[in-house]
$ cat entry23.pdb   # PDB, C-alpha atoms
ATOM      1  CA  MET A 149      11.350 -56.612  81.665
ATOM      2  CA  GLU A 150       9.362 -57.532  78.569
ATOM      3  CA  TYR A 151      12.660 -58.136  76.705
ATOM      4  CA  VAL A 152      13.970 -60.349  79.488
ATOM      5  CA  LEU A 153      10.851 -62.513  79.535
ATOM      6  CA  LYS A 154      10.881 -63.123  75.792
ATOM      7  CA  PRO A 155      13.376 -65.667  74.382
ATOM      8  CA  TRP A 156      16.754 -64.002  73.891
ATOM      9  CA  PRO A 157      17.974 -63.569  70.299
ATOM     10  CA  TRP A 158      21.267 -65.174  69.205
ATOM     11  CA  TYR A 159      23.092 -61.841  69.067
ATOM     12  CA  ILE A 160      22.489 -61.367  72.787
ATOM     13  CA  SER A 161      22.951 -64.978  73.931
ATOM     14  CA  GLY A 162      26.121 -65.658  71.919
ATOM     15  CA  PRO A 163      28.170 -62.774  73.355
ATOM     16  CA  CYS A 164      26.856 -63.637  76.851
ATOM     17  CA  ILE A 165      28.324 -67.138  76.520
ATOM     18  CA  ALA A 166      31.638 -65.599  75.442
ATOM     19  CA  ILE A 167      31.540 -63.465  78.599
ATOM     20  CA  VAL A 168      31.103 -66.624  80.702
ATOM     21  CA  MET A 169      34.209 -68.082  79.036
ATOM     22  CA  PHE A 170      36.136 -64.853  79.489
ATOM     23  CA  LEU A 171      35.239 -64.527  83.180
ATOM     24  CA  LEU A 172      36.363 -68.088  83.918
ATOM     25  CA  LEU A 173      39.695 -67.425  82.165
ATOM     26  CA  TYR A 174      39.983 -64.167  84.100
ATOM     27  CA  PHE A 175      39.498 -66.150  87.309
ATOM     28  CA  GLY A 176      42.453 -68.306  86.238
ATOM     29  CA  ARG A 177      40.305 -71.292  85.279
ATOM     30  CA  THR A 178      38.681 -72.378  82.032
ATOM     31  CA  PHE A 179      35.281 -73.037  80.476
ATOM     32  CA  GLY A 180      34.812 -76.810  80.265
ATOM     33  CA  MET A 181      31.566 -78.424  81.319
ATOM     34  CA  SER A 182      32.387 -82.050  80.499
ATOM     35  CA  SER A 183      35.394 -82.059  82.853
ATOM     36  CA  ASN A 184      32.861 -82.239  85.660
ATOM     37  CA  LEU A 185      31.824 -85.715  84.496
ATOM     38  CA  LYS A 186      35.422 -86.874  84.997
ATOM     39  CA  THR A 187      35.540 -85.143  88.376
ATOM     40  CA  ILE A 188      32.336 -86.837  89.544
ATOM     41  CA  CYS A 189      33.735 -90.230  88.475
ATOM     42  CA  ALA A 190      36.826 -89.462  90.572
ATOM     43  CA  ILE A 191      34.719 -88.434  93.565
ATOM     44  CA  GLY A 192      32.855 -91.738  93.215
ATOM     45  CA  GLY A 193      36.140 -93.580  93.704
ATOM     46  CA  ALA A 194      37.010 -94.408  90.076
ATOM     47  CA  GLY A 195      40.623 -93.403  90.799
ATOM     48  CA  LYS A 196      41.120 -96.492  92.965
ATOM     49  CA  LYS A 197      40.803 -98.723  89.930
ATOM     50  CA  VAL A 198      41.596 -96.546  86.915
ATOM     51  CA  GLU A 199      44.671 -94.356  86.466
ATOM     52  CA  PHE A 200      42.736 -91.778  84.379
ATOM     53  CA  PHE A 201      40.673 -90.790  87.425
ATOM     54  CA  LYS A 202      43.618 -90.603  89.825
ATOM     55  CA  PHE A 203      43.920 -86.853  90.389
ATOM     56  CA  ASP A 204      43.172 -84.342  93.094
ATOM     57  CA  TRP A 205      39.502 -83.794  92.350
ATOM     58  CA  LYS A 206      39.254 -81.176  95.098
ATOM     59  CA  SER A 207      41.173 -78.846  92.746
ATOM     60  CA  GLN A 208      38.107 -79.021  90.482
ATOM     61  CA  THR A 209      35.577 -77.965  93.125
ATOM     62  CA  TRP A 210      35.274 -74.531  91.514
ATOM     63  CA  ASN A 211      33.881 -76.175  88.345
ATOM     64  CA  LEU A 212      31.304 -78.164  90.322
ATOM     65  CA  VAL A 213      30.252 -74.846  91.862
ATOM     66  CA  VAL A 214      29.754 -73.487  88.320
ATOM     67  CA  VAL A 215      27.499 -76.500  87.648
ATOM     68  CA  LEU A 216      25.526 -75.892  90.840
ATOM     69  CA  GLY A 217      25.068 -72.264  89.799
ATOM     70  CA  ALA A 218      24.026 -73.345  86.283
ATOM     71  CA  ILE A 219      21.324 -75.625  87.707
ATOM     72  CA  ILE A 220      19.995 -72.763  89.828
ATOM     73  CA  GLY A 221      20.270 -70.398  86.859
ATOM     74  CA  GLY A 222      18.176 -72.867  84.870
ATOM     75  CA  PHE A 223      15.601 -72.889  87.657
ATOM     76  CA  ILE A 224      15.471 -69.089  87.860
ATOM     77  CA  ALA A 225      15.252 -68.595  84.083
ATOM     78  CA  HIS A 226      12.578 -71.240  83.639
ATOM     79  CA  ASN A 227      10.379 -70.265  86.570
ATOM     80  CA  TYR A 228      10.821 -66.519  86.931
ATOM     81  CA  LEU A 229      12.246 -65.122  83.699
ATOM     82  CA  SER A 230      10.126 -66.827  81.042
ATOM     83  CA  ASN A 231       6.672 -66.389  79.617
ATOM     84  CA  PRO A 232       5.248 -69.776  78.681
ATOM     85  CA  ILE A 233       5.340 -69.663  74.891
ATOM     86  CA  ASN A 234       6.119 -72.137  72.159
ATOM     87  CA  ILE A 235       9.652 -72.353  70.812
ATOM     88  CA  ASP A 236       9.700 -70.444  67.546
ATOM     89  CA  LEU A 237      10.962 -73.350  65.425
ATOM     90  CA  SER A 238      11.175 -73.204  61.657
ATOM     91  CA  GLN A 239       8.149 -74.529  59.787
ATOM     92  CA  ASN A 240      10.335 -77.164  58.072
ATOM     93  CA  THR A 241      11.490 -78.523  61.430
ATOM     94  CA  ILE A 242       7.904 -78.797  62.647
ATOM     95  CA  GLU A 243       6.887 -80.630  59.462
ATOM     96  CA  ASP A 244       9.856 -83.007  59.685
ATOM     97  CA  LEU A 245       9.108 -83.820  63.317
ATOM     98  CA  LYS A 246       5.454 -84.439  62.481
ATOM     99  CA  THR A 247       6.565 -86.892  59.793
ATOM    100  CA  LEU A 248       8.671 -88.681  62.426
ATOM    101  CA  GLY A 249       5.543 -88.951  64.600
ATOM    102  CA  PHE A 250       6.170 -86.161  67.115
ATOM    103  CA  GLU A 251       3.291 -84.138  68.623
ATOM    104  CA  ASN A 252       3.049 -80.892  70.652
ATOM    105  CA  ILE A 253       6.200 -79.762  68.897
ATOM    106  CA  GLY A 254       8.033 -76.922  70.644
ATOM    107  CA  GLN A 255       5.528 -76.600  73.489
ATOM    108  CA  SER A 256       8.186 -77.468  76.050
ATOM    109  CA  LEU A 257      11.990 -77.439  76.090
ATOM    110  CA  LEU A 258      12.126 -81.201  75.622
ATOM    111  CA  PRO A 259       9.806 -83.477  73.606
ATOM    112  CA  LEU A 260       7.501 -85.663  75.705
ATOM    113  CA  GLU A 261       8.127 -88.471  73.205
ATOM    114  CA  LEU A 262      11.639 -88.821  74.620
ATOM    115  CA  PHE A 263      11.683 -87.227  78.053
ATOM    116  CA  SER A 264       8.320 -87.886  79.732
ATOM    117  CA  TRP A 265       8.340 -90.560  82.452
ATOM    118  CA  ASN A 266       6.105 -92.653  80.201
ATOM    119  CA  ALA A 267       8.713 -92.551  77.451
ATOM    120  CA  VAL A 268      11.499 -93.367  79.871
ATOM    121  CA  PHE A 269       9.655 -96.443  81.115
ATOM    122  CA  SER A 270       9.543 -97.921  77.623
ATOM    123  CA  LEU A 271      12.583 -99.921  76.552
ATOM    124  CA  LYS A 272      13.136 -97.889  73.398
ATOM    125  CA  GLY A 273      12.763 -94.569  75.213
ATOM    126  CA  LEU A 274      15.179 -95.604  77.937
ATOM    127  CA  LEU A 275      17.735 -96.895  75.434
ATOM    128  CA  ILE A 276      17.678 -93.615  73.476
ATOM    129  CA  LEU A 277      18.537 -91.565  76.566
ATOM    130  CA  VAL A 278      21.074 -94.060  77.903
ATOM    131  CA  ILE A 279      22.880 -94.552  74.590
ATOM    132  CA  GLY A 280      22.770 -90.814  73.834
ATOM    133  CA  GLY A 281      24.191 -89.937  77.238
ATOM    134  CA  PHE A 282      26.819 -92.666  77.044
ATOM    135  CA  LEU A 283      28.041 -91.455  73.641
ATOM    136  CA  VAL A 284      28.256 -87.871  74.924
ATOM    137  CA  GLY A 285      30.239 -88.920  78.004
ATOM    138  CA  PHE A 286      32.550 -91.259  76.106
ATOM    139  CA  GLY A 287      33.044 -89.004  73.093
ATOM    140  CA  THR A 288      33.692 -85.840  75.047
ATOM    141  CA  ARG A 289      36.583 -87.363  76.995
ATOM    142  CA  TYR A 290      37.959 -89.089  73.902
ATOM    143  CA  ALA A 291      37.948 -85.702  72.144
ATOM    144  CA  SER A 292      39.172 -83.936  75.325
ATOM    145  CA  GLY A 293      36.272 -81.501  75.440
ATOM    146  CA  CYS A 294      32.698 -80.661  74.551
ATOM    147  CA  THR A 295      30.865 -77.660  73.165
ATOM    148  CA  SER A 296      32.177 -75.314  75.860
ATOM    149  CA  GLY A 297      35.798 -76.463  75.739
ATOM    150  CA  HIS A 298      36.163 -76.921  71.990
ATOM    151  CA  ALA A 299      33.423 -74.999  70.144
ATOM    152  CA  ILE A 300      33.548 -71.903  72.371
ATOM    153  CA  THR A 301      36.956 -71.759  74.104
ATOM    154  CA  GLY A 302      38.998 -73.680  71.526
ATOM    155  CA  LEU A 303      37.632 -71.906  68.463
ATOM    156  CA  SER A 304      37.833 -68.495  70.168
ATOM    157  CA  SER A 305      41.526 -69.118  70.775
ATOM    158  CA  LEU A 306      41.951 -70.276  67.148
ATOM    159  CA  GLN A 307      43.156 -73.779  67.970
ATOM    160  CA  LEU A 308      43.230 -76.390  65.209
ATOM    161  CA  PRO A 309      42.495 -79.440  67.451
ATOM    162  CA  SER A 310      39.236 -77.773  68.520
ATOM    163  CA  LEU A 311      38.246 -77.103  64.919
ATOM    164  CA  ILE A 312      38.843 -80.793  64.149
ATOM    165  CA  ALA A 313      36.739 -81.807  67.166
ATOM    166  CA  VAL A 314      33.895 -79.445  66.203
ATOM    167  CA  ILE A 315      33.899 -80.826  62.653
ATOM    168  CA  GLY A 316      33.642 -84.259  64.294
ATOM    169  CA  PHE A 317      30.677 -83.061  66.425
ATOM    170  CA  PHE A 318      28.858 -82.023  63.259
ATOM    171  CA  ILE A 319      29.679 -85.177  61.289
ATOM    172  CA  GLY A 320      28.246 -87.233  64.176
ATOM    173  CA  GLY A 321      25.196 -85.009  64.592
ATOM    174  CA  LEU A 322      24.395 -84.993  60.893
ATOM    175  CA  ILE A 323      24.705 -88.798  60.648
ATOM    176  CA  MET A 324      22.367 -89.174  63.621
ATOM    177  CA  VAL A 325      19.660 -86.763  62.478
ATOM    178  CA  HIS A 326      19.708 -87.548  58.756
ATOM    179  CA  PHE A 327      20.394 -91.290  58.681
ATOM    180  CA  ILE A 328      19.626 -92.808  62.071
ATOM    181  CA  TYR A 329      16.513 -90.823  63.077
ATOM    182  CA  PRO A 330      14.471 -92.123  60.119
ATOM    183  CA  ILE A 331      15.232 -95.665  61.330
ATOM    184  CA  LEU A 332      14.517 -94.894  64.992
ATOM    185  CA  PHE A 333      11.220 -93.053  64.610
TER     186      PHE A 333
ATOM    187  CA  MET B 281      33.255 -70.561 100.801
ATOM    188  CA  ARG B 282      33.783 -66.984  99.677
ATOM    189  CA  LYS B 283      36.319 -67.877  97.008
ATOM    190  CA  TYR B 284      33.641 -69.963  95.296
ATOM    191  CA  LEU B 285      31.004 -67.211  95.187
ATOM    192  CA  LYS B 286      32.212 -65.802  91.855
ATOM    193  CA  PHE B 287      32.046 -69.247  90.247
ATOM    194  CA  PHE B 288      28.545 -69.722  91.598
ATOM    195  CA  LEU B 289      27.423 -66.394  90.122
ATOM    196  CA  VAL B 290      29.015 -67.151  86.736
ATOM    197  CA  GLY B 291      27.219 -70.510  86.787
ATOM    198  CA  ILE B 292      23.858 -68.835  87.482
ATOM    199  CA  PHE B 293      24.423 -66.421  84.604
ATOM    200  CA  PHE B 294      25.413 -69.314  82.309
ATOM    201  CA  GLY B 295      22.276 -71.286  83.251
ATOM    202  CA  ILE B 296      20.014 -68.293  82.628
ATOM    203  CA  VAL B 297      21.628 -67.519  79.249
ATOM    204  CA  LEU B 298      21.330 -71.087  77.971
ATOM    205  CA  VAL B 299      17.673 -71.356  78.960
ATOM    206  CA  LYS B 300      16.746 -67.932  77.599
ATOM    207  CA  SER B 301      18.575 -68.654  74.319
ATOM    208  CA  GLU B 302      16.720 -72.002  74.071
ATOM    209  CA  ALA B 303      20.089 -73.696  73.470
ATOM    210  CA  VAL B 304      19.069 -76.241  76.112
ATOM    211  CA  SER B 305      16.136 -77.344  73.966
ATOM    212  CA  TRP B 306      16.280 -80.700  72.192
ATOM    213  CA  TYR B 307      14.226 -79.118  69.406
ATOM    214  CA  ARG B 308      16.839 -76.431  68.721
ATOM    215  CA  ILE B 309      19.589 -79.048  68.401
ATOM    216  CA  PHE B 310      17.485 -81.103  65.974
ATOM    217  CA  GLU B 311      16.742 -77.953  63.966
ATOM    218  CA  MET B 312      20.447 -77.071  63.900
ATOM    219  CA  PHE B 313      21.519 -80.432  62.505
ATOM    220  CA  LYS B 314      18.748 -80.120  59.913
ATOM    221  CA  PHE B 315      20.140 -76.695  58.860
ATOM    222  CA  GLN B 316      16.602 -75.311  59.156
ATOM    223  CA  SER B 317      17.285 -72.276  61.299
ATOM    224  CA  PHE B 318      20.097 -69.803  61.813
ATOM    225  CA  HIS B 319      19.393 -69.593  65.561
ATOM    226  CA  MET B 320      21.967 -72.058  66.957
ATOM    227  CA  TYR B 321      24.591 -71.086  64.373
ATOM    228  CA  GLY B 322      24.036 -67.475  65.372
ATOM    229  CA  ILE B 323      24.533 -68.301  69.058
ATOM    230  CA  ILE B 324      27.700 -70.340  68.518
ATOM    231  CA  GLY B 325      29.012 -67.957  65.844
ATOM    232  CA  ALA B 326      28.392 -64.780  67.868
ATOM    233  CA  SER B 327      29.938 -66.462  70.891
ATOM    234  CA  VAL B 328      33.081 -67.451  68.986
ATOM    235  CA  VAL B 329      33.429 -64.043  67.319
ATOM    236  CA  THR B 330      33.011 -62.230  70.653
ATOM    237  CA  GLY B 331      35.318 -64.706  72.365
ATOM    238  CA  THR B 332      37.992 -64.291  69.708
ATOM    239  CA  ILE B 333      37.868 -60.500  70.017
ATOM    240  CA  LEU B 334      38.064 -60.673  73.825
ATOM    241  CA  LEU B 335      41.044 -63.038  73.729
ATOM    242  CA  LEU B 336      42.888 -61.069  71.039
ATOM    243  CA  LEU B 337      42.338 -57.864  73.024
ATOM    244  CA  SER B 338      43.561 -59.542  76.219
ATOM    245  CA  ASN B 339      46.658 -60.621  74.366
ATOM    246  CA  GLN B 340      47.276 -57.128  72.954
ATOM    247  CA  LEU B 341      46.738 -55.456  76.313
ATOM    248  CA  LYS B 342      48.776 -58.156  78.123
ATOM    249  CA  LEU B 343      45.834 -58.587  80.463
ATOM    250  CA  LYS B 344      46.477 -60.721  83.521
ATOM    251  CA  ASN B 345      44.072 -63.014  85.339
ATOM    252  CA  ILE B 346      43.471 -62.664  89.078
ATOM    253  CA  GLN B 347      46.323 -65.089  89.755
ATOM    254  CA  GLY B 348      48.747 -62.708  88.056
ATOM    255  CA  ASN B 349      49.385 -64.786  84.930
ATOM    256  CA  TYR B 350      48.667 -63.704  81.367
ATOM    257  CA  LEU B 351      45.047 -64.390  80.477
ATOM    258  CA  LYS B 352      44.813 -67.048  77.794
ATOM    259  CA  ALA B 353      42.933 -70.211  76.923
ATOM    260  CA  PRO B 354      44.702 -73.484  77.784
ATOM    261  CA  LEU B 355      46.400 -75.074  74.777
ATOM    262  CA  LYS B 356      44.976 -78.316  73.417
ATOM    263  CA  GLU B 357      47.458 -81.074  72.712
ATOM    264  CA  ARG B 358      48.243 -81.647  69.064
ATOM    265  CA  GLY B 359      46.486 -84.592  67.512
ATOM    266  CA  LEU B 360      43.962 -85.723  64.984
ATOM    267  CA  ILE B 361      42.573 -89.212  65.558
ATOM    268  CA  SER B 362      41.193 -88.703  69.059
ATOM    269  CA  TYR B 363      39.649 -85.348  68.146
ATOM    270  CA  ILE B 364      37.886 -86.635  65.071
ATOM    271  CA  ILE B 365      36.723 -90.020  66.411
ATOM    272  CA  GLY B 366      35.835 -88.636  69.823
ATOM    273  CA  GLY B 367      34.126 -85.701  68.144
ATOM    274  CA  VAL B 368      31.979 -87.913  65.922
ATOM    275  CA  ILE B 369      30.963 -90.098  68.885
ATOM    276  CA  PHE B 370      30.083 -86.973  70.867
ATOM    277  CA  GLY B 371      28.056 -85.595  67.933
ATOM    278  CA  LEU B 372      26.048 -88.802  67.601
ATOM    279  CA  GLY B 373      25.125 -88.604  71.274
ATOM    280  CA  TRP B 374      24.501 -84.850  71.209
ATOM    281  CA  ALA B 375      21.992 -85.204  68.374
ATOM    282  CA  LEU B 376      20.338 -88.268  69.920
ATOM    283  CA  CYS B 377      19.593 -86.856  73.382
ATOM    284  CA  GLY B 378      19.693 -83.208  72.282
ATOM    285  CA  ALA B 379      21.925 -82.102  75.131
ATOM    286  CA  CYS B 380      25.647 -81.567  75.591
ATOM    287  CA  PRO B 381      27.102 -81.540  79.124
ATOM    288  CA  GLY B 382      26.270 -77.906  80.042
ATOM    289  CA  PRO B 383      22.588 -78.122  79.124
ATOM    290  CA  MET B 384      22.317 -81.525  80.848
ATOM    291  CA  TYR B 385      22.917 -79.916  84.232
ATOM    292  CA  ILE B 386      20.877 -76.813  83.451
ATOM    293  CA  LEU B 387      17.849 -78.868  82.394
ATOM    294  CA  VAL B 388      17.723 -80.411  85.876
ATOM    295  CA  GLY B 389      17.077 -76.887  87.136
ATOM    296  CA  THR B 390      14.190 -76.417  84.711
ATOM    297  CA  GLY B 391      12.494 -79.450  86.264
ATOM    298  CA  ALA B 392      13.197 -81.888  83.432
ATOM    299  CA  PHE B 393      14.226 -84.631  85.834
ATOM    300  CA  THR B 394      14.429 -87.464  83.297
ATOM    301  CA  ILE B 395      17.592 -85.763  82.039
ATOM    302  CA  THR B 396      19.310 -87.288  85.095
ATOM    303  CA  ILE B 397      19.199 -90.600  83.203
ATOM    304  CA  VAL B 398      21.246 -88.956  80.437
ATOM    305  CA  ILE B 399      23.674 -87.551  83.025
ATOM    306  CA  ALA B 400      24.092 -90.979  84.651
ATOM    307  CA  ALA B 401      24.750 -92.532  81.241
ATOM    308  CA  ALA B 402      27.256 -89.771  80.431
ATOM    309  CA  LEU B 403      29.089 -90.544  83.680
ATOM    310  CA  LEU B 404      29.182 -94.198  82.670
ATOM    311  CA  GLY B 405      30.512 -93.249  79.225
ATOM    312  CA  THR B 406      33.218 -91.108  80.819
ATOM    313  CA  PHE B 407      34.152 -93.968  83.144
ATOM    314  CA  VAL B 408      34.333 -96.500  80.288
ATOM    315  CA  TYR B 409      36.565 -94.107  78.330
ATOM    316  CA  GLY B 410      38.885 -93.918  81.341
ATOM    317  CA  VAL B 411      39.035 -97.714  81.483
ATOM    318  CA  LEU B 412      39.707 -98.131  77.755
ATOM    319  CA  LYS B 413      41.893 -95.049  77.247
ATOM    320  CA  ASN B 414      45.194 -96.870  76.745
ATOM    321  CA  LYS B 415      43.679 -99.296  74.261
ATOM    322  CA  LEU B 416      42.149 -96.621  72.014
ATOM    323  CA  PRO B 417      43.961 -94.925  69.113
ATOM    324  CA  HIS B 418      44.808 -91.293  69.917
TER     325      HIS B 418
END

$ encode --input "entry23.pdb" --output "structure tokens"
Amino acid sequence: MEYVLKPWPWYISGPCIAIVMFLLLYFGRTFGMSSNLKTICAIGGAGKKVEFFKFDWKSQTWNLVVVLGAIIGGFIAHNYLSNPINIDLSQNTIEDLKTLGFENIGQSLLPLELFSWNAVFSLKGLLILVIGGFLVGFGTRYASGCTSGHAITGLSSLQLPSLIAVIGFFIGGLIMVHFIYPILF
Amino acid sequence: MRKYLKFFLVGIFFGIVLVKSEAVSWYRIFEMFKFQSFHMYGIIGASVVTGTILLLLSNQLKLKNIQGNYLKAPLKERGLISYIIGGVIFGLGWALCGACPGPMYILVGTGAFTITIVIAAALLGTFVYGVLKNKLPH
């Protein structure tokens, strides 16, 4: 039990994610988390106005069930399978975040500077989450997939389009963290 | 309902793995893009290596899925522009809010309710893409 309660090392977590992908393929489906965003848009009636959302969303119910399970899995892991300890971040990361003005670094999954209700009620804080989320939603459909569809499933099946998309993910991420963060914080 | 049980269980397992690996943490994503820890690269790398082995084995053994078809990952359409531009846009957002779609949902379960703002914005982004799709280069 001690090993379960501690954070899981990469060599356990990584193969576990591959098993998730494999099981979904075995069930005749696929591992793609961002598709659910499209499905929810369709459920909300987006198909009445936009061709892109005109599809039988009920055929995607299985994926929404995966999401529901994932939320509950998050609840179980956070509340029953974790000892409250700091995230074991590298010393350089902690120093860099301090320079950017962050405090209590790694004491929760998400930084209070961005995700506390106080932060969300400031214009800057709200804009960061809204713009970040918007870019994820827009970009993932433009690229036809996210980390699960491209980085895990696409790379595992040795597909060039997924490699291109993952390179894109990293170009975007590096620009954000190295060039835009110093302006933002 | 019963046909959905297996998807529900896979989802629970996925949620537990991503929390226990700390891949849902904003801090880990920041650290990854700073190249300051092997952790996230190890997770993604070990996942891809394991996944590749599983898929190659399935292919060799002509393994079938429960619907009776050969088990394989769906093929992505050929292309370049949409993958690179879309990918960069996704990366900018991923690094800014520290969560890709899977972790967004999972974080709700950990009680980080402000993440719902990110989810709502991601839905809006998806919708706007659908509206603009035919006008964008692909």

$ closest_residue --input "entry23.pdb" --among "B:Cys380, B:Trp374, B:Asn349, B:Leu416" --to "Leu173 (chain A)" --atoms "all atoms listed in the file"
B:Asn349

$ resolve_selection --input "entry23.pdb" --expression "the PyMOL selection byres ((chain B and resi 309-321) around 8)" --output "number ranges by chain"
A: 157-158, 237-238, 240-241, 318, 321-322, 325-326; B: 303, 305-308, 322-325, 375, 378-379

$ resolve_selection --input "entry23.pdb" --expression "the PyMOL selection byres ((chain A and resi 227) around 12)" --output "count of residues only"
19

$ residues_around --input "entry23.pdb" --residues "region 285-287 of chain B" --least-positions-apart "3" --cutoff "9 Å" --atoms "all atoms listed in the file" --output "list in words"
Leu172, Phe175, Trp210, Asn211, Leu212, Val213, Val214, Val215 and Gly217 of chain A; Met281, Arg282, Val290, Gly291 and Ile292 of chain B

$ closest_residue --input "entry23.pdb" --among "B:Leu341, B:Pro417, B:Leu336, B:Ser327" --to "Tyr363 (chain B)" --atoms "all atoms listed in the file"
B:Pro417

$ closest_residue --input "entry23.pdb" --among "A:Leu216, A:Val314, A:Ser256, A:Gly297" --to "Tyr385 (chain B)" --atoms "all atoms listed in the file"
A:Leu216

$ residues_around --input "entry23.pdb" --residues "Trp156 (chain A)" --least-positions-apart "5" --cutoff "9 Å" --atoms "all atoms listed in the file" --output "list in words"
Tyr151 and Ser161 of chain A; Val297, Val299, Lys300, Ser301 and Glu302 of chain B

$ decode --input "entry23.pdb" --residues "region 383-401 of chain B" --atoms "N, CA and C atoms" --output "CSV table (one decimal), in the first residue's frame"
chain,number,residue,atom,x,y,z
B,383,PRO,N,-6.4,15.6,-18.5
B,383,PRO,CA,-6.2,16.1,-17.2
B,383,PRO,C,-7.3,17.2,-16.8
B,384,MET,N,-7.8,17.9,-17.8
B,384,MET,CA,-8.8,18.9,-17.5
B,384,MET,C,-10.0,18.2,-16.8
B,385,TYR,N,-10.5,17.1,-17.3
B,385,TYR,CA,-11.6,16.4,-16.7
B,385,TYR,C,-11.2,15.8,-15.4
B,386,ILE,N,-10.0,15.2,-15.4
B,386,ILE,CA,-9.6,14.5,-14.1
B,386,ILE,C,-9.4,15.5,-13.0
B,387,LEU,N,-8.9,16.7,-13.3
B,387,LEU,CA,-8.7,17.7,-12.2
B,387,LEU,C,-10.0,18.1,-11.5
B,388,VAL,N,-11.2,18.0,-12.3
B,388,VAL,CA,-12.5,18.3,-11.6
B,388,VAL,C,-12.7,17.3,-10.5
B,389,GLY,N,-12.3,16.0,-10.7
B,389,GLY,CA,-12.4,15.0,-9.7
B,389,GLY,C,-11.6,15.2,-8.5
B,390,THR,N,-10.4,15.9,-8.7
B,390,THR,CA,-9.5,16.2,-7.5
B,390,THR,C,-10.0,17.4,-6.7
B,391,GLY,N,-11.1,18.0,-7.2
B,391,GLY,CA,-11.7,19.1,-6.4
B,391,GLY,C,-11.2,20.5,-6.9
B,392,ALA,N,-10.4,20.5,-8.0
B,392,ALA,CA,-9.9,21.8,-8.5
B,392,ALA,C,-11.0,22.4,-9.5
B,393,PHE,N,-12.0,23.0,-8.8
B,393,PHE,CA,-13.2,23.3,-9.6
B,393,PHE,C,-13.0,24.5,-10.6
B,394,THR,N,-11.9,25.3,-10.4
B,394,THR,CA,-11.7,26.4,-11.3
B,394,THR,C,-11.3,25.9,-12.7
B,395,ILE,N,-10.9,24.7,-12.7
B,395,ILE,CA,-10.5,24.1,-14.0
B,395,ILE,C,-11.7,24.1,-15.0
B,396,THR,N,-13.0,24.1,-14.4
B,396,THR,CA,-14.1,24.1,-15.3
B,396,THR,C,-14.2,25.4,-16.2
B,397,ILE,N,-13.5,26.4,-15.8
B,397,ILE,CA,-13.4,27.6,-16.6
B,397,ILE,C,-12.6,27.3,-17.9
B,398,VAL,N,-11.5,26.5,-17.6
B,398,VAL,CA,-10.6,26.1,-18.8
B,398,VAL,C,-11.4,25.2,-19.7
B,399,ILE,N,-12.2,24.3,-19.1
B,399,ILE,CA,-13.0,23.3,-19.9
B,399,ILE,C,-14.0,24.1,-20.8
B,400,ALA,N,-14.7,25.1,-20.1
B,400,ALA,CA,-15.7,25.9,-20.9
B,400,ALA,C,-15.0,26.6,-22.0
B,401,ALA,N,-13.8,27.2,-21.8
B,401,ALA,CA,-13.1,27.9,-22.8
B,401,ALA,C,-12.6,27.0,-23.9
